[in-house]
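Following: one structure in structure tokens, then a few remarks.
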Amino acid sequence: MIRYVMKNYIKLMCRSSMNIILIVVAPIILIAVLSSAFSSLMASYEEAESFGAGYRVLEENMMTPYIDALKEACEENDISLIEYPEGDVEDVMRSNGLAGFVEFNEDSYTIYKSSEHETEGQILEYMMSSFERNIEIGMTGAVTGQQIPETELNITEHDFMPAVDATDYYGIVEIVYFLWCAIVCVAGIVNNEKKFKIIQKLRVAGLSETKIYLSKFIPTAAVVSLGILIAAVTSSLLFGIHWGSIPLSVLIVFLSVTAAVSMGLMFYTIFDNIVATIMVTFAIVWICGFYGGSFETYLFSSHPEFIKELSPIYYCNRALIELSVQGSSDYAVKGIAILTVMTLVTSAIAILAGRLRKRGSAC
């Protein structure tokens, strides 16, 4: 009996064009839109190559006697510092493709930076600031007669997550977001079941609440998993999305599907109303997605970490993204544990609620 019910569920869900749109088509469209919209925001930093800069001495100051040394220091840092004694600064920069320009005045100097070469302009600014500081230290040492030790740079390397581009990020998190709306795939079927009192007939036929629950849970999880798999593979081929550690990523996505389906069925069993179920589910998924990085990336969001960790979607997103860019994630085990517990607990509540409703109907 239960196999017959499950077979009908799968057949009806696969025939639904709405399910195909929600689980397969919609994620691909949203991935294309968001990855394009946020591509510049999430573009990884590229190290500046050698570049040119100009200078001009309007009036002598403490730095001008050391210009030759400054030019040598710039050359060592891939900066070509060339003198341009005449002409409007902006015109000189534009015509010669300069990233920056330095004007030496009586008591100071002025740095002009090109808006098209912001990184290079910041490098030039830092270079000038460091050189000025070295001159001041040298002058202080000459006055006091103290020997100034050579300046050493202490460099410490820190572990950090490699950059992730917008295509990979949204190509993964939107797949996760849409699978959490899994209850919609079975909405029409359970609504008709209620209309034609199918559940009462199954109970009369001797099916337990556990079997009735599994007759919905297993086919829904199977169809949603298949649809999400098609969406993930298609988007990966179209946009070149990189999924890391495929077996582990598949496991996390599958457990997300089971958690999403069990949560939706729990709400339906409690409310006994598919409209209320969808509204509550969508509200929870949207809030969890908001704090979990489905819209604003969790890497850039300013929400406190403890709030993010209240969202199961956050664990899924972070684990999958970290697996994509670095091949491992401390959140993978946490995510698997949370999703497994969530599936078991919500399934138990759904079965218990079904039994209580059965007793109420019998009375």
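Each chain in the structure tokens gets a letter, A, B and so on, in the order shown; residues start at 1 in every chain, and ligands are counted from 1 in the order they appear.
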Practice prompt. Just the residues within 8 Å of A:Ile111, please, counting only C-alpha atoms, with nothing from its chain fewer than 6 positions along; format it as a PyMOL selection string.
Written response: chain A and resi 100-103+125
Could you give me, as CSV, every stretch 165-236 of chain A residue with an atom at most 10 Å from stretch 311-315 of chain A, plus its closest atom pair and distance in Å to one decimal, counting only C-alpha atoms, rows ordered by chain then number?
residue,atom,partner,partner_atom,distance
A:Val173,CA,A:Ile313,CA,8.7
A:Val176,CA,A:Ile313,CA,7.4
A:Tyr177,CA,A:Ile313,CA,7.5
A:Trp180,CA,A:Ile313,CA,8.6
Please write the residues from the selection above to a file, keeping N, CA, C and O atoms, as an mmCIF file, in the first residue's frame.
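And here's selection-v9.cif as it stands now:
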data_model
loop_
_atom_site.group_PDB
_atom_site.id
_atom_site.type_symbol
_atom_site.label_atom_id
_atom_site.label_comp_id
_atom_site.auth_asym_id
_atom_site.auth_seq_id
_atom_site.Cartn_x
_atom_site.Cartn_y
_atom_site.Cartn_z
ATOM 1 N N VAL A 173 24.522 29.197 -2.995
ATOM 2 C CA VAL A 173 23.566 29.559 -1.940
ATOM 3 C C VAL A 173 22.130 29.628 -2.452
ATOM 4 O O VAL A 173 21.196 29.386 -1.683
ATOM 5 N N VAL A 176 20.645 26.211 -2.371
ATOM 6 C CA VAL A 176 20.257 25.890 -0.994
ATOM 7 C C VAL A 176 18.958 26.602 -0.625
ATOM 8 O O VAL A 176 18.059 25.998 -0.019
ATOM 9 N N TYR A 177 18.845 27.872 -0.992
ATOM 10 C CA TYR A 177 17.660 28.642 -0.609
ATOM 11 C C TYR A 177 16.377 28.033 -1.188
ATOM 12 O O TYR A 177 15.377 27.879 -0.482
ATOM 13 N N TRP A 180 14.891 24.803 0.332
ATOM 14 C CA TRP A 180 14.181 24.944 1.595
ATOM 15 C C TRP A 180 12.702 25.271 1.400
ATOM 16 O O TRP A 180 11.929 25.271 2.354
#
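For the pair atom CA of A:Ile23 and atom CA of A:Val224, the interatomic distance is 7.0 Å.
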Would you tabulate, counting only C-alpha atoms, all residues of stretch 162-231 of chain A that have an atom at most 7 Å from an atom of stretch 262-279 of chain A, showing the closest pair of atoms and their distance in Å to one decimal, sorted by chain then ascending number, as a Markdown table?
| residue | atom | partner | partner_atom | distance |
| --- | --- | --- | --- | --- |
| A:Ile183 | CA | A:Gly264 | CA | 5.2 |
| A:Val184 | CA | A:Ile278 | CA | 6.9 |
| A:Ala187 | CA | A:Ile274 | CA | 6.3 |
| A:Asn191 | CA | A:Ile274 | CA | 6.6 |
| A:Phe217 | CA | A:Ser262 | CA | 6.7 |
Take the residues from that selection and put them in a file with C-alpha atoms, as a short mmCIF file (atom, residue, chain, number, x, y, z; two decimals), in the first residue's frame.
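File produced: out_26.cif:
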data_model
loop_
_atom_site.label_atom_id
_atom_site.label_comp_id
_atom_site.auth_asym_id
_atom_site.auth_seq_id
_atom_site.Cartn_x
_atom_site.Cartn_y
_atom_site.Cartn_z
CA ILE A 183 6.89 21.91 0.79
CA VAL A 184 5.48 23.81 -2.19
CA ALA A 187 1.20 21.44 -1.74
CA ASN A 191 -4.54 19.77 -0.59
CA PHE A 217 8.31 12.40 3.12
#
Fill in: Minimum-distance residue to A:Gln326, chosen among A:Gly354, A:Gly289, A:Gly244, A:Gly97 (using only C-alpha atoms)
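Checking each candidate against A:Gln326, we get A:Gly244 as the closest.
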Practice prompt. Mind giving me the straight-line distance from atom CA of A:Met63 to atom CA of A:Arg133 in Å, one decimal?
Written response: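 We find that atom CA of A:Met63 and atom CA of A:Arg133 lie 10.3 Å from each other.
Across the model, the gap from atom CA of A:Ala163 to atom CA of A:Ala260 is 29.4 Å.
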Discussion item. Excluding A:Ser114 and its own-chain neighbours fewer than 2 positions away, which residues fall within 6 Å of it when counting only C-alpha atoms? Please give them as number ranges by chain.
Written reply: A: 99-100, 116-117
May I have the residues from that selection written out with N, CA, C and O atoms, as a PDB file, in the first residue's frame?
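Produced file part-v4.pdb, reproduced below:
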ATOM      1  N   ALA A  99      49.530  56.946 -12.694  1.00  0.00           N
ATOM      2  CA  ALA A  99      48.627  56.558 -11.609  1.00  0.00           C
ATOM      3  C   ALA A  99      48.592  57.591 -10.492  1.00  0.00           C
ATOM      4  O   ALA A  99      47.647  57.659  -9.721  1.00  0.00           O
ATOM      5  N   GLY A 100      49.671  58.416 -10.392  1.00  0.00           N
ATOM      6  CA  GLY A 100      49.729  59.422  -9.351  1.00  0.00           C
ATOM      7  C   GLY A 100      50.729  60.514  -9.692  1.00  0.00           C
ATOM      8  O   GLY A 100      51.501  60.401 -10.654  1.00  0.00           O
ATOM      9  N   GLU A 116      41.122  55.954 -11.797  1.00  0.00           N
ATOM     10  CA  GLU A 116      41.178  54.682 -12.512  1.00  0.00           C
ATOM     11  C   GLU A 116      42.249  53.750 -11.953  1.00  0.00           C
ATOM     12  O   GLU A 116      42.320  52.581 -12.321  1.00  0.00           O
ATOM     13  N   HIS A 117      43.110  54.282 -11.088  1.00  0.00           N
ATOM     14  CA  HIS A 117      44.198  53.479 -10.517  1.00  0.00           C
ATOM     15  C   HIS A 117      44.245  53.699  -9.006  1.00  0.00           C
ATOM     16  O   HIS A 117      45.238  54.190  -8.467  1.00  0.00           O
TER      17      HIS A 117
END
Discussion item. Neighbouring residues of stretch 107-109 of chain A were defined as those with any atom within 12 Å, considering only C-alpha atoms; residues of the same chain fewer than 2 positions away were excluded. Please report them as a PyMOL selection string.
Written reply: chain A and resi 55-64+101-105+111-112+125+128-129+132
Any chance you could export the current selection's N, CA, C and O atoms as a PDB file, in the first residue's frame?
ATOM      1  N   TYR A  55      56.342  63.736 -10.731  1.00  0.00           N
ATOM      2  CA  TYR A  55      56.586  64.650  -9.615  1.00  0.00           C
ATOM      3  C   TYR A  55      57.036  66.000 -10.163  1.00  0.00           C
ATOM      4  O   TYR A  55      57.463  66.128 -11.313  1.00  0.00           O
ATOM      5  N   ARG A  56      56.932  67.004  -9.305  1.00  0.00           N
ATOM      6  CA  ARG A  56      57.307  68.371  -9.673  1.00  0.00           C
ATOM      7  C   ARG A  56      57.725  69.103  -8.403  1.00  0.00           C
ATOM      8  O   ARG A  56      57.065  68.987  -7.363  1.00  0.00           O
ATOM      9  N   VAL A  57      58.824  69.837  -8.475  1.00  0.00           N
ATOM     10  CA  VAL A  57      59.303  70.620  -7.326  1.00  0.00           C
ATOM     11  C   VAL A  57      58.897  72.075  -7.539  1.00  0.00           C
ATOM     12  O   VAL A  57      59.454  72.775  -8.384  1.00  0.00           O
ATOM     13  N   LEU A  58      57.902  72.515  -6.790  1.00  0.00           N
ATOM     14  CA  LEU A  58      57.483  73.917  -6.849  1.00  0.00           C
ATOM     15  C   LEU A  58      58.358  74.776  -5.939  1.00  0.00           C
ATOM     16  O   LEU A  58      58.760  75.884  -6.312  1.00  0.00           O
ATOM     17  N   GLU A  59      58.642  74.261  -4.742  1.00  0.00           N
ATOM     18  CA  GLU A  59      59.521  74.950  -3.803  1.00  0.00           C
ATOM     19  C   GLU A  59      60.320  73.901  -3.045  1.00  0.00           C
ATOM     20  O   GLU A  59      59.847  72.796  -2.791  1.00  0.00           O
ATOM     21  N   GLU A  60      61.539  74.246  -2.667  1.00  0.00           N
ATOM     22  CA  GLU A  60      62.403  73.323  -1.946  1.00  0.00           C
ATOM     23  C   GLU A  60      61.858  73.063  -0.538  1.00  0.00           C
ATOM     24  O   GLU A  60      61.370  73.978   0.119  1.00  0.00           O
ATOM     25  N   ASN A  61      61.948  71.834  -0.101  1.00  0.00           N
ATOM     26  CA  ASN A  61      61.630  71.495   1.290  1.00  0.00           C
ATOM     27  C   ASN A  61      62.590  70.404   1.754  1.00  0.00           C
ATOM     28  O   ASN A  61      63.547  70.055   1.045  1.00  0.00           O
ATOM     29  N   MET A  62      62.338  69.824   2.912  1.00  0.00           N
ATOM     30  CA  MET A  62      63.315  68.887   3.481  1.00  0.00           C
ATOM     31  C   MET A  62      63.463  67.620   2.655  1.00  0.00           C
ATOM     32  O   MET A  62      64.466  66.901   2.764  1.00  0.00           O
ATOM     33  N   MET A  63      62.468  67.310   1.816  1.00  0.00           N
ATOM     34  CA  MET A  63      62.515  66.075   1.057  1.00  0.00           C
ATOM     35  C   MET A  63      63.210  66.219  -0.304  1.00  0.00           C
ATOM     36  O   MET A  63      63.712  65.233  -0.851  1.00  0.00           O
ATOM     37  N   THR A  64      63.216  67.429  -0.846  1.00  0.00           N
ATOM     38  CA  THR A  64      63.746  67.603  -2.209  1.00  0.00           C
ATOM     39  C   THR A  64      65.213  67.213  -2.366  1.00  0.00           C
ATOM     40  O   THR A  64      65.598  66.728  -3.436  1.00  0.00           O
ATOM     41  N   PHE A 101      50.676  61.572  -8.885  1.00  0.00           N
ATOM     42  CA  PHE A 101      51.566  62.714  -9.136  1.00  0.00           C
ATOM     43  C   PHE A 101      51.852  63.382  -7.793  1.00  0.00           C
ATOM     44  O   PHE A 101      50.954  63.524  -6.951  1.00  0.00           O
ATOM     45  N   VAL A 102      53.122  63.806  -7.608  1.00  0.00           N
ATOM     46  CA  VAL A 102      53.526  64.438  -6.356  1.00  0.00           C
ATOM     47  C   VAL A 102      54.046  65.841  -6.638  1.00  0.00           C
ATOM     48  O   VAL A 102      54.919  66.025  -7.490  1.00  0.00           O
ATOM     49  N   GLU A 103      53.496  66.812  -5.937  1.00  0.00           N
ATOM     50  CA  GLU A 103      53.981  68.186  -6.012  1.00  0.00           C
ATOM     51  C   GLU A 103      54.634  68.557  -4.688  1.00  0.00           C
ATOM     52  O   GLU A 103      54.002  68.452  -3.636  1.00  0.00           O
ATOM     53  N   PHE A 104      55.919  68.986  -4.748  1.00  0.00           N
ATOM     54  CA  PHE A 104      56.636  69.387  -3.543  1.00  0.00           C
ATOM     55  C   PHE A 104      56.495  70.890  -3.346  1.00  0.00           C
ATOM     56  O   PHE A 104      56.858  71.678  -4.212  1.00  0.00           O
ATOM     57  N   ASN A 105      55.943  71.276  -2.195  1.00  0.00           N
ATOM     58  CA  ASN A 105      55.796  72.680  -1.828  1.00  0.00           C
ATOM     59  C   ASN A 105      56.813  73.030  -0.743  1.00  0.00           C
ATOM     60  O   ASN A 105      57.663  72.211  -0.369  1.00  0.00           O
ATOM     61  N   ILE A 111      49.767  64.948  -3.089  1.00  0.00           N
ATOM     62  CA  ILE A 111      49.676  63.749  -3.924  1.00  0.00           C
ATOM     63  C   ILE A 111      48.345  63.767  -4.683  1.00  0.00           C
ATOM     64  O   ILE A 111      47.276  63.941  -4.097  1.00  0.00           O
ATOM     65  N   TYR A 112      48.426  63.587  -5.999  1.00  0.00           N
ATOM     66  CA  TYR A 112      47.245  63.458  -6.855  1.00  0.00           C
ATOM     67  C   TYR A 112      47.125  61.988  -7.267  1.00  0.00           C
ATOM     68  O   TYR A 112      48.110  61.375  -7.683  1.00  0.00           O
ATOM     69  N   GLU A 125      50.978  56.782  -2.174  1.00  0.00           N
ATOM     70  CA  GLU A 125      50.775  57.549  -0.943  1.00  0.00           C
ATOM     71  C   GLU A 125      51.519  56.900   0.229  1.00  0.00           C
ATOM     72  O   GLU A 125      52.169  57.583   1.030  1.00  0.00           O
ATOM     73  N   MET A 128      55.328  57.516  -0.175  1.00  0.00           N
ATOM     74  CA  MET A 128      55.747  58.870   0.205  1.00  0.00           C
ATOM     75  C   MET A 128      55.746  59.040   1.721  1.00  0.00           C
ATOM     76  O   MET A 128      56.653  59.640   2.297  1.00  0.00           O
ATOM     77  N   SER A 129      54.711  58.501   2.377  1.00  0.00           N
ATOM     78  CA  SER A 129      54.615  58.618   3.829  1.00  0.00           C
ATOM     79  C   SER A 129      55.784  57.901   4.504  1.00  0.00           C
ATOM     80  O   SER A 129      56.395  58.424   5.449  1.00  0.00           O
ATOM     81  N   GLU A 132      59.089  59.863   3.894  1.00  0.00           N
ATOM     82  CA  GLU A 132      59.147  61.059   4.733  1.00  0.00           C
ATOM     83  C   GLU A 132      59.500  60.690   6.167  1.00  0.00           C
ATOM     84  O   GLU A 132      60.306  61.359   6.816  1.00  0.00           O
TER      85      GLU A 132
END
Worksheet item: Among stretch 48-292 of chain A, which residues carry a DSSP assignment of strand (DSSP E or B), reported as a PyMOL selection string?
Response: chain A and resi 51-57+79-83+100-104+109-113
Worksheet item: Any idea what's packed within 8 Å of stretch 66-82 of chain A, counting only C-alpha atoms, ignoring anything in its chain fewer than 6 positions away? Could you give it as a PyMOL selection string?
Response: chain A and resi 49-55+127+131
Practice prompt. Using only C-alpha atoms, pick whichever of A:Cys14, A:Leu202, A:Leu251, A:Leu34 has the shortest atom-to-atom distance to A:Lys358.
Written response: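 The answer is A:Leu202, which sits nearest to A:Lys358.
When only C-alpha atoms are used to compute distances to A:Lys334, the closest of the residues A:Ala32, A:Ala231, A:Ile284, A:Ile252 turns out to be A:Ile252.
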Worksheet item: Taking into account only C-alpha atoms, which residue in the set A:Ser249, A:Ser236, A:Ser256, A:Thr346 is nearest to A:Glu322?
Response: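 Using only C-alpha atoms, the shortest distance to A:Glu322 belongs to A:Ser249.
Of the listed residues A:Ile230, A:Ile172, A:Val89, A:Ile189, the one whose atoms come nearest to A:Leu12 is A:Ile189, with distances taken using only C-alpha atoms.
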Worksheet item: Could you name the residues that touch A:Ser36 at 8 Å or less, counting only C-alpha atoms, but leaving out those on the same chain fewer than 3 positions away, as a PyMOL selection string?
Response: chain A and resi 32-33+39+166-167
Worksheet item: So which residues of stretch 84-323 of chain A fall under helix (DSSP H, G or I) by DSSP, listed as a PyMOL selection string?
Response: chain A and resi 89-96+118-144+166-179+182-195+198-204+209-239+246-271+274-292+305-308+312-323
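Take the candidates A:Lys194, A:Lys113, A:Lys308, A:Lys211 and check each one against A:Arg3 using only C-alpha atoms; the shortest distance goes to A:Lys211.
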Worksheet entry | Residues near stretch 18-22 of chain A, cut-off 9 Å, only C-alpha atoms, skip fewer than 2 positions along chain, as a PyMOL selection string | chain A and resi 13-16+24-27+178-179+181-182+184-186+224+227
Store the residues picked out above in a file with C-alpha atoms, as a JSON list (two decimals), in the first residue's frame.
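Wrote result.json, looks like this:
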[["chain", "number", "residue", "atom", "x", "y", "z"],
["A", 13, "MET", "CA", 5.01, 15.82, -8.51],
["A", 14, "CYS", "CA", 7.04, 15.10, -11.64],
["A", 15, "ARG", "CA", 4.07, 16.08, -13.83],
["A", 16, "SER", "CA", 3.73, 19.47, -12.13],
["A", 24, "VAL", "CA", 14.87, 23.77, -11.52],
["A", 25, "VAL", "CA", 14.25, 26.96, -13.51],
["A", 26, "ALA", "CA", 13.95, 29.64, -10.80],
["A", 27, "PRO", "CA", 17.33, 28.90, -9.13],
["A", 178, "PHE", "CA", 15.18, 27.17, -3.10],
["A", 179, "LEU", "CA", 15.41, 23.63, -1.76],
["A", 181, "CYS", "CA", 10.89, 25.77, -0.14],
["A", 182, "ALA", "CA", 10.36, 22.05, -0.80],
["A", 184, "VAL", "CA", 5.48, 23.81, -2.19],
["A", 185, "CYS", "CA", 6.22, 20.80, -4.41],
["A", 186, "VAL", "CA", 3.73, 18.68, -2.52],
["A", 224, "VAL", "CA", 13.13, 17.71, -4.69],
["A", 227, "GLY", "CA", 15.17, 18.69, -9.22]]
